[in-house]
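Encoded as structure tokens, the structure appears first; notes follow it.
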Amino acid sequence: MTKDTNSTPHNEFEKAEHKEEMKHQVISFVMMIIFTIAAFAVVATDAIGKYFAIPIILLLAVVQVIFQLYYFMHMKNKGHETPALMIYGGLAVAFMTILTFTTIIWW
Amino acid sequence: MSNEDILNPKQMPHEPEKATLEGKNKFLGFWFFLGGETVLFASLFGTFLALKDSTAGGPGTEELFGLELVFVMTMLLLTSSLTSVYAMYHMKNNNFSKMMVWLGVTVALGFSFLGFELYEFYHYIHEYEFTFRSSALGSAFYTLVGFHGGHVLFGLLWIVTLMARNAKRGLNLYNAPKFYVASLYWHFIDVVWVFIFTVVYLMGKVG
């Protein structure tokens with residue numbers, strides 16, 4: 001890398017790009033707050049029965065975590081193939097673990 | 001890139017956290033670690049799910065949990081996740097002082113979360129005599145939620161240490177990956193909390 005390419009002041013294009021990304025992150029934050037309030041509301045108001053409430057709050061949690069991973073932790077950006085492999089690999093083993101603990105093992 | 005360039009705050013490339021080989025390695029290694037953490041927490045979640053009805057005559061989840069406190073804790077942690085995003089935004093713009101301010105806000109929110117958690121445990125122990133040893137549910141609950149709380153405490157000490165160590169250094173390509181990786185850890189703590197408030201508290205309240 002040559003010395004004169006990235007000297008201060010930071011170039012305006014990059015700043016605008018960061019600002020755009022920040023906007024997306026604030027939007028995802030608002031979405032996450034809405035999902036959280038929805039999940040608490042489902043349980044607090046007892047509006048729907050147990051067998052619907054549990055899948056709904058689990059779905060809200062999964063969507064919220066997708067926002068967290070892809071926006072807050074930047075997994076949507078370029079160069080995140082290995083992180084995706086790691087986290088999905090971890091999730092696959094995690095799924096098997098929970099399945100095992102809740103179905104096969106006798107406590 | 002020479003060592004002189006790495007330590008020069010005026011040389012800030014597009015993604016400072018991945019501009020050096022060391023930064024790239026930290027980034028990849030840290031995601032590998034997060035994959036492992038996912039499995040670790042899954043085993044604790046699995047244990048909790050399997051033991052959540054084993055109350056040994058003590059109070060169950062429906063009786064114990066109060067949604068108000070958990071809601072406040074969730075909001076605190078979720079907001080602290082956003083403030084650390086702001087910190088990384090200022091890091092990418094090479095604005096050290098603003099990054100430090102937002103990291104400070106993150107740390108403050110994290111400590112208030114921990115305060116609420118300690119109050120919660122204290123409440124369960126003294127009002128309900130619900131302890132680590134009182135039932136299998138107690139063991140599973142305190143292990144899972146306590147492990148997460150331990151992660152919060154570790155993350156806070158980590159960020160505070162980074163802030164103190166680099167306070168007079170300013171931002172450069174040597175410490176930018178360190179800040180970035182700490183913020184990833186902080187987001188991961190919030191990811192785990194999303195499942196804790198859903199699986200432990202909300203599902204516990206539904207029954």
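Lettering and numbering for the structure tokens are positional, with chains as A, B, ... in the shown order, residues counted from 1 in each chain, and ligands counted from 1 in the shown order.
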
Closest-contact table, chain B side, partner chain A, 8 Å, counting only C-alpha atoms, as a tab-separated table:
residue	atom	partner	partner_atom	distance
B:Met1	CA	A:Met1	CA	6.7
B:Lys10	CA	A:Ser7	CA	5.8
B:Gln11	CA	A:Ser7	CA	5.7
B:Met12	CA	A:Asn6	CA	6.2
B:Pro13	CA	A:Asn6	CA	5.9
B:His14	CA	A:Glu14	CA	7.4
B:Leu28	CA	A:Pro83	CA	6.7
B:Trp31	CA	A:Pro83	CA	5.3
B:Phe32	CA	A:Met86	CA	5.4
B:Leu34	CA	A:Ile87	CA	6.8
B:Gly35	CA	A:Gly90	CA	4.3
B:Gly36	CA	A:Gly90	CA	6.0
B:Glu37	CA	A:Gly90	CA	7.9
B:Thr38	CA	A:Gly90	CA	5.6
B:Val39	CA	A:Ala94	CA	4.7
B:Leu40	CA	A:Ala94	CA	7.9
B:Phe41	CA	A:Ala94	CA	8.0
B:Ala42	CA	A:Ala94	CA	4.9
B:Ser43	CA	A:Thr97	CA	6.0
B:Phe45	CA	A:Ile98	CA	7.0
B:Gly46	CA	A:Ile98	CA	4.4
B:Thr47	CA	A:Phe101	CA	6.4
B:Leu49	CA	A:Thr102	CA	6.6
B:Ala50	CA	A:Thr102	CA	5.2
B:Leu51	CA	A:Trp107	CA	7.8
B:Leu67	CA	A:Ala44	CA	7.5
B:Phe71	CA	A:Phe40	CA	7.5
B:Met75	CA	A:Ile33	CA	7.7
B:Leu78	CA	A:Ile33	CA	7.8
B:Ser81	CA	A:Phe72	CA	7.8
B:Leu82	CA	A:Phe29	CA	6.8
B:Val85	CA	A:Phe72	CA	6.3
B:Tyr86	CA	A:Met22	CA	7.6
B:Tyr89	CA	A:His18	CA	6.8
B:Lys92	CA	A:His18	CA	7.5
B:Asn93	CA	A:Lys15	CA	6.5
B:Asn94	CA	A:His10	CA	7.9
B:Leu184	CA	A:Met73	CA	6.1
B:His187	CA	A:Met73	CA	6.8
B:Val191	CA	A:Val65	CA	5.8
B:Val194	CA	A:Ala61	CA	6.1
B:Phe195	CA	A:Ala61	CA	6.4
B:Thr198	CA	A:Ile57	CA	6.5
B:Val199	CA	A:Leu58	CA	7.6
B:Leu202	CA	A:Val43	CA	6.4
B:Met203	CA	A:Ile54	CA	6.4
B:Lys205	CA	A:Val43	CA	7.3
B:Val206	CA	A:Lys50	CA	6.3
B:Gly207	CA	A:Lys50	CA	7.7

Secondary structure check, helix (DSSP H, G or I) residues of stretch 143-192 of chain B, as number ranges by chain: B: 143-166, 176-192

Contacts of B:Lys26 at 9 Å or less, counting only C-alpha atoms, minus same-chain residues fewer than 5 places along, as a PyMOL selection string? chain B and resi 17-18+21+31+177-178+181

Interatomic distance (Å, one decimal) between atom CA of A:Ile27 and atom CA of B:Trp186: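 So the answer is 19.3 Å.
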
In Å, with one decimal, what is the gap from atom CA of A:Lys23 to atom CA of B:Ala19?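 Result for atom CA of A:Lys23 versus atom CA of B:Ala19: 24.2 Å, one decimal.
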
Students should find that atom CA of B:Asn8 and atom CA of B:Tyr174 are spaced 9.2 Å

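With distances restricted to only C-alpha atoms, B:Thr106 is the closest residue to B:Gly155 from B:Asn172, B:Thr106, B:Ser135, B:Ser112.
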